[in-house]
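The structure file input_2.cif is reproduced below (mmCIF, C-alpha atoms).
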```
data_run
#
loop_
_atom_site.label_atom_id
_atom_site.label_comp_id
_atom_site.auth_asym_id
_atom_site.auth_seq_id
_atom_site.Cartn_x
_atom_site.Cartn_y
_atom_site.Cartn_z
CA MET Y 1 64.42 -8.51 -4.98
CA LEU Y 2 63.72 -4.83 -4.46
CA GLN Y 3 60.25 -3.38 -3.91
CA ASP Y 4 59.66 0.23 -2.87
CA GLU Y 5 63.45 0.45 -2.51
CA GLN Y 6 63.27 -2.27 0.15
CA SER Y 7 64.92 -5.69 -0.02
CA VAL Y 8 62.34 -8.49 -0.22
CA ARG Y 9 63.26 -12.10 0.60
CA THR Y 10 60.76 -14.94 0.23
CA ASP Y 11 60.97 -18.60 1.24
CA ARG Y 12 60.66 -19.77 -2.37
CA LEU Y 13 64.08 -20.85 -3.62
CA ALA Y 14 64.94 -21.76 -7.20
CA LYS Y 15 68.16 -23.14 -8.62
CA GLU Y 16 69.38 -21.92 -12.00
CA PRO Y 17 71.20 -24.74 -13.86
CA ILE Y 18 74.00 -24.07 -16.29
CA PRO Y 19 72.72 -25.04 -19.76
CA SER Y 20 76.07 -26.47 -20.83
CA ASP Y 21 76.53 -28.40 -17.59
CA TYR Y 22 73.05 -29.14 -16.31
CA ALA Y 23 74.25 -31.01 -13.23
CA ARG Y 24 75.76 -27.78 -11.91
CA TYR Y 25 73.95 -24.61 -10.87
CA LEU Y 26 74.92 -21.08 -11.66
CA CYS Y 27 73.12 -19.68 -8.63
CA THR Y 28 70.25 -20.07 -6.22
CA SER Y 29 67.65 -17.32 -6.33
CA ARG Y 30 64.53 -16.39 -4.37
CA GLU Y 31 61.30 -16.28 -6.37
CA ALA Y 32 58.52 -13.80 -5.86
CA ASN Y 33 55.39 -15.03 -4.10
CA GLU Y 34 51.78 -13.96 -4.72
CA ALA Y 35 51.94 -11.06 -2.25
CA THR Y 36 55.15 -9.72 -3.76
CA VAL Y 37 53.73 -9.86 -7.29
CA ALA Y 38 50.49 -8.16 -6.20
CA GLY Y 39 52.46 -5.38 -4.50
CA ALA Y 40 54.64 -4.87 -7.57
CA ILE Y 41 51.54 -4.63 -9.76
CA ASP Y 42 49.98 -2.00 -7.50
CA ASP Y 43 53.21 0.02 -7.55
CA TRP Y 44 53.47 -0.20 -11.34
CA GLU Y 45 49.86 0.80 -11.93
CA ALA Y 46 50.24 3.84 -9.68
CA MET Y 47 53.46 4.96 -11.36
CA ALA Y 48 53.34 7.96 -13.70
CA TRP Y 49 54.06 7.37 -17.39
CA ASN Y 50 57.31 9.33 -17.38
CA ASP Y 51 58.63 7.26 -14.45
CA ARG Y 52 57.80 4.03 -16.25
CA ALA Y 53 59.54 5.31 -19.36
CA ALA Y 54 62.62 6.21 -17.31
CA ILE Y 55 62.94 2.60 -16.13
CA PHE Y 56 63.03 1.23 -19.66
CA LEU Y 57 65.38 3.96 -20.89
CA ARG Y 58 67.74 3.26 -17.99
CA ALA Y 59 67.62 -0.46 -18.79
CA ALA Y 60 68.41 0.31 -22.42
CA GLU Y 61 71.49 2.26 -21.35
CA LEU Y 62 72.67 -0.58 -19.13
CA PHE Y 63 72.21 -3.10 -21.93
CA SER Y 64 73.82 -0.92 -24.62
CA GLY Y 65 77.33 -2.15 -23.89
CA LYS Y 66 78.68 -5.65 -24.38
CA TYR Y 67 75.21 -7.26 -24.11
CA HIS Y 68 73.56 -5.07 -26.72
CA TYR Y 69 73.33 -7.79 -29.37
CA LYS Y 70 71.76 -10.21 -26.88
CA MET Y 71 69.21 -7.93 -25.26
CA LEU Y 72 68.12 -5.89 -28.31
CA SER Y 73 68.02 -2.81 -26.09
CA ASP Y 74 66.91 -0.62 -29.00
CA PHE Y 75 63.46 -2.17 -28.61
CA PHE Y 76 63.19 -0.52 -25.21
CA ARG Y 77 63.81 2.85 -26.84
CA PHE Y 78 61.44 2.07 -29.70
CA GLY Y 79 58.77 1.26 -27.17
CA ILE Y 80 59.04 4.61 -25.40
CA LYS Y 81 58.92 6.50 -28.68
CA TYR Y 82 55.90 4.58 -29.98
CA VAL Y 83 53.93 4.88 -26.75
CA GLU Y 84 54.57 8.64 -26.70
CA GLU Y 85 53.18 8.85 -30.24
CA LEU Y 86 50.25 6.65 -29.28
CA TYR Y 87 49.31 8.84 -26.30
CA ALA Y 88 49.47 11.90 -28.55
CA GLN Y 89 46.77 10.53 -30.88
CA GLN Y 90 43.56 12.38 -30.03
CA PRO Y 91 40.36 13.18 -31.96
CA PRO Y 92 41.07 16.23 -34.15
CA LYS Y 93 37.56 17.73 -34.03
CA ASN Y 94 34.78 18.41 -31.55
CA SER Y 95 31.15 19.26 -32.10
CA THR Y 96 29.61 22.28 -30.43
CA GLY Y 97 29.02 21.74 -26.73
CA SER Y 98 31.20 18.64 -26.35
CA TRP Y 99 34.84 17.59 -26.17
CA ASN Y 100 36.08 14.31 -27.66
CA ARG Y 101 39.20 12.76 -26.21
CA VAL Y 102 40.87 9.37 -25.87
CA LYS Y 103 42.16 8.11 -22.54
CA TYR Y 104 44.83 5.43 -22.68
CA ARG Y 105 44.94 3.12 -19.69
CA ALA Y 106 46.04 -0.39 -18.86
CA PRO Y 107 43.32 -2.98 -19.50
CA GLU Y 108 41.62 -4.36 -16.40
CA VAL Y 109 42.69 -7.83 -17.40
CA PHE Y 110 45.42 -10.41 -17.14
CA VAL Y 111 47.88 -10.33 -20.05
CA LEU Y 112 50.17 -13.36 -20.16
CA ALA Y 113 53.58 -12.42 -21.59
CA VAL Y 114 55.98 -15.32 -22.19
CA SER Y 115 59.43 -14.55 -23.55
CA THR Y 116 62.19 -16.93 -24.56
CA PHE Y 117 65.81 -16.18 -23.74
CA GLY Y 118 66.45 -14.55 -27.13
CA PHE Y 119 63.47 -12.21 -27.14
CA ILE Y 120 63.30 -10.66 -23.68
CA ALA Y 121 63.24 -7.09 -24.96
CA ILE Y 122 60.42 -7.88 -27.40
CA GLY Y 123 58.18 -10.22 -25.47
CA GLY Y 124 58.90 -9.49 -21.86
CA GLY Y 125 57.66 -6.66 -19.75
CA LEU Y 126 56.85 -5.37 -16.31
CA PRO Y 127 53.51 -6.12 -14.61
CA GLY Y 128 50.65 -4.12 -16.05
CA GLY Y 129 47.47 -5.57 -14.58
CA LEU Y 130 47.54 -9.14 -13.27
CA SER Y 131 44.11 -10.01 -11.97
CA HIS Y 132 41.75 -12.93 -11.39
CA PRO Y 133 42.09 -15.61 -14.11
CA SER Y 134 38.56 -14.81 -15.31
CA PHE Y 135 39.94 -11.51 -16.60
CA PHE Y 136 42.51 -13.16 -18.86
CA THR Y 137 42.24 -11.51 -22.25
CA ALA Y 138 45.54 -11.66 -24.13
CA PHE Y 139 48.42 -13.99 -24.80
CA HIS Y 140 51.72 -12.42 -25.89
CA PHE Y 141 54.37 -14.95 -26.88
CA THR Y 142 57.57 -15.01 -28.87
CA GLY Y 143 59.04 -18.46 -29.42
CA SER Y 144 58.60 -21.82 -31.11
CA THR Y 145 55.40 -22.99 -32.77
CA SER Y 146 55.15 -26.13 -30.64
CA VAL Y 147 55.38 -24.22 -27.37
CA PHE Y 148 52.87 -21.67 -28.65
CA LYS Y 149 50.35 -24.39 -29.52
CA LYS Y 150 50.81 -26.04 -26.11
CA LEU Y 151 50.21 -22.77 -24.24
CA TRP Y 152 47.24 -21.88 -26.42
CA LYS Y 153 45.60 -25.27 -25.77
CA ASP Y 154 46.08 -24.77 -22.04
CA ILE Y 155 44.38 -21.37 -22.28
CA VAL Y 156 41.38 -22.70 -24.22
CA ILE Y 157 40.66 -25.29 -21.52
CA TYR Y 158 39.48 -22.48 -19.23
CA LEU Y 159 37.54 -20.58 -21.90
CA ASP Y 160 34.24 -20.77 -20.02
CA GLU Y 161 35.80 -19.08 -16.98
CA TYR Y 162 36.94 -15.94 -18.81
CA LYS Y 163 34.93 -12.77 -18.86
CA GLY Y 164 34.26 -11.26 -22.24
CA TYR Y 165 31.75 -10.68 -25.01
CA PRO Y 166 30.50 -7.19 -24.01
CA ARG Y 167 26.70 -7.18 -24.23
CA LEU Y 168 25.16 -4.94 -21.62
CA ASN Y 169 25.54 -1.33 -20.69
CA PHE Y 170 24.52 0.27 -17.42
CA HIS Y 171 23.63 3.68 -16.01
CA VAL Y 172 24.99 4.84 -12.67
CA ILE Y 173 23.34 8.04 -11.45
CA HIS Y 174 25.37 9.77 -8.74
CA GLU Y 175 23.78 11.88 -6.02
CA LEU Y 176 25.21 15.04 -7.63
CA ALA Y 177 23.78 14.28 -11.08
CA GLU Y 178 21.40 16.72 -12.75
CA ILE Y 179 17.97 15.07 -12.66
CA ARG Y 180 16.59 16.19 -16.03
CA ASN Y 181 19.72 15.12 -17.88
CA ALA Y 182 19.90 11.78 -16.03
CA VAL Y 183 16.29 10.91 -16.79
CA SER Y 184 16.61 11.87 -20.46
CA GLN Y 185 19.73 9.74 -20.80
CA CYS Y 186 17.97 6.76 -19.20
CA ILE Y 187 15.03 7.05 -21.58
CA CYS Y 188 17.35 7.19 -24.58
CA GLY Y 189 19.25 4.17 -23.26
CA GLY Y 190 16.14 2.16 -22.56
CA PHE Y 191 13.80 2.97 -25.43
CA GLU Y 192 15.90 4.32 -28.29
CA TYR Y 193 15.83 2.08 -31.38
CA GLN Y 194 12.77 0.30 -29.93
CA GLY Y 195 14.89 -0.67 -26.95
CA ALA Y 196 16.89 -3.07 -29.09
CA HIS Y 197 20.00 -0.93 -28.83
CA ILE Y 198 22.36 -2.71 -26.43
CA MET Y 199 22.02 -0.35 -23.50
CA CYS Y 200 21.40 -0.57 -19.79
CA MET Y 201 17.64 -1.01 -19.99
CA SER Y 202 17.46 -2.98 -23.22
CA ASP Y 203 14.20 -4.91 -23.61
CA LYS Y 204 16.19 -7.79 -25.04
CA ILE Y 205 17.46 -8.88 -21.64
CA VAL Y 206 15.15 -7.11 -19.21
CA LEU Y 207 15.86 -9.29 -16.19
CA ARG Y 208 19.59 -8.66 -16.53
CA CYS Y 209 19.44 -4.92 -17.24
CA ARG Y 210 20.92 -2.49 -14.79
CA GLY Y 211 20.19 1.05 -13.79
CA TYR Y 212 21.64 2.29 -10.50
CA VAL Y 213 20.24 5.46 -8.92
CA SER Y 214 21.28 7.34 -5.78
CA SER Y 215 18.57 7.04 -3.11
CA SER Y 216 18.48 10.78 -2.44
CA LEU Y 217 18.14 11.54 -6.15
CA TRP Y 218 15.52 8.83 -6.62
CA SER Y 219 13.30 10.35 -3.93
CA SER Y 220 14.07 13.90 -5.06
CA GLY Y 221 12.50 13.58 -8.46
CA VAL Y 222 14.12 10.90 -10.62
CA ASN Y 223 11.34 8.40 -9.98
CA ASP Y 224 8.47 10.81 -10.69
CA LEU Y 225 10.14 12.46 -13.68
CA LEU Y 226 11.08 9.13 -15.23
CA LEU Y 227 7.50 7.88 -15.05
CA SER Y 228 6.03 11.14 -16.36
CA GLU Y 229 8.46 11.24 -19.31
CA VAL Y 230 8.03 7.61 -20.34
CA VAL Y 231 4.30 8.08 -20.97
CA LYS Y 232 5.18 10.81 -23.48
CA ILE Y 233 6.97 8.35 -25.76
CA LYS Y 234 5.10 8.03 -29.04
CA VAL Y 235 5.18 4.80 -31.03
CA GLY Y 236 4.50 5.12 -34.73
CA PRO Y 237 5.85 4.83 -38.28
CA PRO Y 238 9.32 6.22 -39.07
CA SER Y 239 7.75 8.60 -41.57
CA ASP Y 240 6.22 10.45 -38.62
CA PHE Y 241 9.11 12.41 -37.12
CA SER Y 242 7.24 12.85 -33.86
CA SER Y 243 7.52 9.08 -33.26
CA PHE Y 244 10.28 8.07 -30.87
CA MET Y 245 9.73 4.34 -31.27
CA GLY Y 246 8.62 2.20 -34.20
CA ALA Y 247 8.06 -1.38 -35.22
CA MET Y 248 10.32 -4.20 -34.05
CA ILE Y 249 12.76 -5.78 -36.48
CA GLY Y 250 10.78 -9.03 -36.69
CA ARG Y 251 8.29 -11.40 -35.07
CA PRO Y 252 10.86 -13.10 -32.74
CA ALA Y 253 11.87 -9.72 -31.28
CA TYR Y 254 8.22 -8.69 -30.93
CA ASP Y 255 7.27 -11.93 -29.18
CA LYS Y 256 10.21 -11.60 -26.80
CA ILE Y 257 9.29 -8.06 -25.79
CA THR Y 258 5.59 -8.72 -25.36
CA GLY Y 259 6.54 -11.77 -23.30
CA PHE Y 260 8.58 -9.60 -20.95
CA ILE Y 261 5.71 -7.12 -20.68
CA GLN Y 262 3.34 -9.93 -19.73
CA LYS Y 263 5.77 -11.23 -17.11
CA ALA Y 264 5.93 -7.74 -15.61
CA LYS Y 265 2.12 -7.64 -15.44
CA ASP Y 266 2.00 -11.10 -13.84
CA THR Y 267 4.71 -10.59 -11.22
CA GLY Y 268 4.64 -6.89 -10.50
CA GLU Y 269 7.81 -4.81 -10.31
CA ARG Y 270 10.88 -6.01 -12.15
CA PHE Y 271 14.46 -5.40 -11.10
CA LEU Y 272 15.13 -2.69 -13.65
CA VAL Y 273 16.42 0.03 -11.34
CA HIS Y 274 18.52 -0.47 -8.24
CA VAL Y 275 18.33 2.37 -5.72
CA TYR Y 276 21.53 2.48 -3.68
CA ASP Y 277 22.50 4.40 -0.54
CA ASP Y 278 24.45 7.53 -1.35
CA ALA Y 279 27.26 6.46 0.98
CA ASP Y 280 27.63 3.14 -0.83
CA TYR Y 281 28.63 4.54 -4.24
CA LYS Y 282 31.93 2.66 -4.33
CA GLY Y 283 30.26 -0.55 -3.22
CA THR Y 284 27.68 -0.13 -5.98
CA LEU Y 285 30.44 0.09 -8.59
CA GLU Y 286 31.89 -3.14 -7.23
CA LEU Y 287 28.40 -4.70 -7.41
CA ILE Y 288 28.17 -3.74 -11.09
CA ASP Y 289 31.58 -5.22 -11.77
CA ASN Y 290 30.76 -8.55 -10.12
CA THR Y 291 27.12 -8.99 -11.12
CA SER Y 292 27.54 -10.50 -14.58
CA PRO Y 293 30.03 -12.78 -16.35
CA TYR Y 294 29.91 -10.39 -19.29
CA ALA Y 295 32.50 -7.66 -19.72
CA LEU Y 296 30.14 -4.71 -19.40
CA THR Y 297 30.47 -1.82 -21.81
CA GLY Y 298 29.44 0.89 -19.36
CA SER Y 299 29.52 4.48 -20.24
CA ILE Y 300 36.29 -2.98 -20.98
CA GLY Y 301 48.62 -16.09 -40.64
CA THR Y 302 51.77 -14.38 -39.24
CA ASN Y 303 51.20 -10.93 -37.97
CA ASP Y 304 54.50 -9.71 -36.59
CA LYS Y 305 54.06 -6.41 -34.78
CA ALA Y 306 57.44 -6.42 -33.02
CA GLY Y 307 59.40 -3.24 -33.65
CA SER Y 308 56.31 -1.20 -34.54
CA ILE Y 309 53.79 0.93 -32.69
CA SER Y 310 51.07 -1.69 -33.26
CA ILE Y 311 52.51 -4.04 -30.65
CA PHE Y 312 51.47 -1.68 -27.84
CA CYS Y 313 47.84 -1.66 -28.95
CA ARG Y 314 47.55 -5.10 -27.32
CA PHE Y 315 48.26 -3.68 -23.89
CA ILE Y 316 45.92 -0.71 -23.76
CA SER Y 317 42.19 -0.33 -23.43
CA VAL Y 318 41.19 2.71 -25.48
CA ARG Y 319 38.12 4.64 -24.38
CA SER Y 320 36.65 7.23 -26.71
CA MET Y 321 35.30 9.87 -24.34
CA LYS Y 322 32.80 12.61 -25.00
CA GLU Y 323 32.17 15.22 -22.31
CA ASN Y 324 28.93 17.11 -22.84
CA PHE Y 325 28.86 20.64 -21.46
CA LEU Y 326 25.10 20.94 -21.87
CA GLY Y 327 22.69 18.42 -20.36
CA LEU Y 328 19.71 16.99 -22.22
CA GLU Y 329 16.50 18.96 -21.70
CA ASP Y 330 14.41 16.39 -23.57
CA PHE Y 331 14.77 12.92 -25.06
CA GLN Y 332 13.42 13.94 -28.46
CA TYR Y 333 15.78 14.55 -31.37
CA PRO Y 334 16.12 18.30 -31.98
CA SER Y 335 16.03 17.76 -35.75
CA ASN Y 336 12.59 16.14 -35.46
CA LEU Y 337 11.12 19.08 -33.60
CA ILE Y 338 11.68 21.59 -36.40
#
```

Could you rewrite the structure in this file as structure tokens?
Amino acid sequence: MLQDEQSVRTDRLAKEPIPSDYARYLCTSREANEATVAGAIDDWEAMAWNDRAAIFLRAAELFSGKYHYKMLSDFFRFGIKYVEELYAQQPPKNSTGSWNRVKYRAPEVFVLAVSTFGFIAIGGGLPGGLSHPSFFTAFHFTGSTSVFKKLWKDIVIYLDEYKGYPRLNFHVIHELAEIRNAVSQCICGGFEYQGAHIMCMSDKIVLRCRGYVSSSLWSSGVNDLLLSEVVKIKVGPPSDFSSFMGAMIGRPAYDKITGFIQKAKDTGERFLVHVYDDADYKGTLELIDNTSPYALTGSIGTNDKAGSISIFCRFISVRSMKENFLGLEDFQYPSNLI
């Protein structure tokens, strides 16, 4: 095996039997171990798109000779073309003061790709993001129905260990953030739509909500401004455009919220905002990632997609990104202030 242009030899040996004469072996090979796979994944993730494309195009050229009919090398070329077209797809319009764009990146998950001998070019692939089993999110298989059912049953056994079902958002306020904008965004996230919007400070799951604020920013005005702005929130009927909050959707939601409010009165401060040391920004991001079993949404019949651009949608995590050039000066809707 080659890794970083260096020969890698492990202690794991495997014999490759000859299908037509199973008692004999074609060769003995060395298998990759966990460290080798992890290193290959890191190298692949750090590799630029054009370098990845070059590997597949080179492989297509090598397979285009006598083995063309076995390897289906045209699929390698199709893949490069389709991914180029996919990356080129961007939002066509932007509103004043913002820029909409889509960033294509490998999902932070484990995608299991199993290919049979006849479908290597379609089902196989190079490592794209092998991680802890809890991050398993996709199963890509080309082969017989019986094998598919067996693999799928094995996957379902560990269903409770997988992360998924995005439910909670979170706010991370960096030490360089603009205070007024940060506070306004937090208020919108916590109280907009009566707090029932699934955001970082949603009343629906108060004890599991997360807001992370730099310690220097917290003491420099975020705390005081947040408290002074919250008391300005007006609760009233939707016919009154000066109202920021209104009635809950029903009695169960109302009882849940008032219950949380009572708990806060009975026990004092709740863990709604975590103030972190400025120097521990990276550690705080890791804390967010490992706090909950949910895949946080922080601001992550026969359907044959082989040979089309759709097959690559399984291996990307598309983020629709909006970059605001002007920070919020207030949490009220401008249209309601006219």

Could you list, as JSON, numbers by chain, every residue matched by the PyMOL selection byres ((chain Y and resi 79) around 9) in this structure? {"Y": [53, 56, 74, 75, 76, 77, 78, 80, 81, 82, 83, 84, 307, 308, 309, 311, 312]}

Those same residues - C-alpha atoms - I'd like them written as an mmCIF file, in the coordinates of the input.
```
data_model
loop_
_atom_site.group_PDB
_atom_site.id
_atom_site.type_symbol
_atom_site.label_atom_id
_atom_site.label_comp_id
_atom_site.auth_asym_id
_atom_site.auth_seq_id
_atom_site.Cartn_x
_atom_site.Cartn_y
_atom_site.Cartn_z
ATOM 1 C CA ALA Y 53 59.540 5.310 -19.360
ATOM 2 C CA PHE Y 56 63.030 1.230 -19.660
ATOM 3 C CA ASP Y 74 66.910 -0.620 -29.000
ATOM 4 C CA PHE Y 75 63.460 -2.170 -28.610
ATOM 5 C CA PHE Y 76 63.190 -0.520 -25.210
ATOM 6 C CA ARG Y 77 63.810 2.850 -26.840
ATOM 7 C CA PHE Y 78 61.440 2.070 -29.700
ATOM 8 C CA ILE Y 80 59.040 4.610 -25.400
ATOM 9 C CA LYS Y 81 58.920 6.500 -28.680
ATOM 10 C CA TYR Y 82 55.900 4.580 -29.980
ATOM 11 C CA VAL Y 83 53.930 4.880 -26.750
ATOM 12 C CA GLU Y 84 54.570 8.640 -26.700
ATOM 13 C CA GLY Y 307 59.400 -3.240 -33.650
ATOM 14 C CA SER Y 308 56.310 -1.200 -34.540
ATOM 15 C CA ILE Y 309 53.790 0.930 -32.690
ATOM 16 C CA ILE Y 311 52.510 -4.040 -30.650
ATOM 17 C CA PHE Y 312 51.470 -1.680 -27.840
#
```

Which one of Y:Ala106, Y:Ala138, Y:Leu328, Y:Val235 sits closest to Tyr162 of chain Y if you count all atoms listed in the file?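 Selected residue with least distance to Tyr162 of chain Y: Y:Ala138.
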
Between atom CA of Lys15 of chain Y and atom CA of Ala32 of chain Y, what is the distance, to one decimal in Å?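 One can read the atom CA of Lys15 of chain Y to atom CA of Ala32 of chain Y distance as 13.7 Å.
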
Going by the chain IDs and residue numbers used in this file, which residues fall under the PyMOL selection byres ((chain Y and resi 183) around 9)? Write them as a compact mmCIF listing (two decimals) with C-alpha atoms, in the coordinates of the input.
```txt
# COMPACT_ATOMS: atom_id res chain seq x y z
CA GLU Y 178 21.40 16.72 -12.75
CA ILE Y 179 17.97 15.07 -12.66
CA ARG Y 180 16.59 16.19 -16.03
CA ASN Y 181 19.72 15.12 -17.88
CA ALA Y 182 19.90 11.78 -16.03
CA SER Y 184 16.61 11.87 -20.46
CA GLN Y 185 19.73 9.74 -20.80
CA CYS Y 186 17.97 6.76 -19.20
CA ILE Y 187 15.03 7.05 -21.58
CA CYS Y 188 17.35 7.19 -24.58
CA VAL Y 222 14.12 10.90 -10.62
CA ASN Y 223 11.34 8.40 -9.98
CA LEU Y 225 10.14 12.46 -13.68
CA LEU Y 226 11.08 9.13 -15.23
CA GLU Y 229 8.46 11.24 -19.31
CA LEU Y 328 19.71 16.99 -22.22
CA ASP Y 330 14.41 16.39 -23.57
CA PHE Y 331 14.77 12.92 -25.06
```

Rank Y:Gln262, Y:Leu62, Y:Lys232, Y:Ser216 by their smallest atom-to-atom distance to His174 of chain Y, using all atoms listed in the file, and report the top residue only.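 Counting all atoms listed in the file, the residue closest to His174 of chain Y is Y:Ser216.
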
With 8 Å on each side, where is the centre of the axis-aligned box around all listed atoms of segment 39-56 of chain Y, and how long are its edges in Å to one decimal, as JSON?
```
{"center_x": 56.4, "center_y": 2.0, "center_z": -12.1, "size_x": 29.2, "size_y": 30.7, "size_z": 31.2}
```

With the PyMOL selection byres ((chain Y and resi 8) around 12) as the selection, what would be picked from this file? Answer as a PyMOL selection string, please. chain Y and resi 1-7+9-12+29-33+35-37+39-40

Take the residues from that selection and put them in a file with C-alpha atoms, as a compact mmCIF listing (two decimals), keeping the file's coordinate frame.
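The resulting file, selection35.txt, is shown below:
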```txt
# COMPACT_ATOMS: atom_id res chain seq x y z
CA MET Y 1 64.42 -8.51 -4.98
CA LEU Y 2 63.72 -4.83 -4.46
CA GLN Y 3 60.25 -3.38 -3.91
CA ASP Y 4 59.66 0.23 -2.87
CA GLU Y 5 63.45 0.45 -2.51
CA GLN Y 6 63.27 -2.27 0.15
CA SER Y 7 64.92 -5.69 -0.02
CA ARG Y 9 63.26 -12.10 0.60
CA THR Y 10 60.76 -14.94 0.23
CA ASP Y 11 60.97 -18.60 1.24
CA ARG Y 12 60.66 -19.77 -2.37
CA SER Y 29 67.65 -17.32 -6.33
CA ARG Y 30 64.53 -16.39 -4.37
CA GLU Y 31 61.30 -16.28 -6.37
CA ALA Y 32 58.52 -13.80 -5.86
CA ASN Y 33 55.39 -15.03 -4.10
CA ALA Y 35 51.94 -11.06 -2.25
CA THR Y 36 55.15 -9.72 -3.76
CA VAL Y 37 53.73 -9.86 -7.29
CA GLY Y 39 52.46 -5.38 -4.50
CA ALA Y 40 54.64 -4.87 -7.57
```

Please report the interatomic distance between atom CA of Gly143 of chain Y and atom CA of Ser20 of chain Y in Å with one decimal.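 Atom CA of Ser20 of chain Y lies 20.7 Å from atom CA of Gly143 of chain Y.
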
Rounded to one decimal, what separation in Å do you get between atom CA of Pro238 of chain Y and atom CA of Gln194 of chain Y?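 Spanning atom CA of Pro238 of chain Y to atom CA of Gln194 of chain Y is a straight-line distance of 11.4 Å.
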
From the options Y:Gly97, Y:Gly65, Y:Pro17, Y:Pro91, which residue's atoms come nearest to Leu326 of chain Y, counting all atoms listed in the file?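 Residue with the minimum atom-to-atom distance to Leu326 of chain Y: Y:Gly97.
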
Between Y:Trp99, Y:Ala14, Y:Asp42, Y:Ile249, which one has atoms that come closest to Cys27 of chain Y, using all atoms listed in the file?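 Ranked by minimum distance to Cys27 of chain Y, first place goes to Y:Ala14.
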
Using all atoms listed in the file for the distances, tell me which of Y:Tyr87, Y:Ile157, Y:Val273, Y:Ala60 is nearest to Gly190 of chain Y.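 Under the stated criterion, the closest residue is Y:Val273.
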
Here is a test: counting only C-alpha atoms, which residue of Y:Tyr212, Y:Phe191, Y:Arg24, Y:Thr291 is nearest to Met248 of chain Y?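 Closest residue, counting only C-alpha atoms: Y:Phe191.
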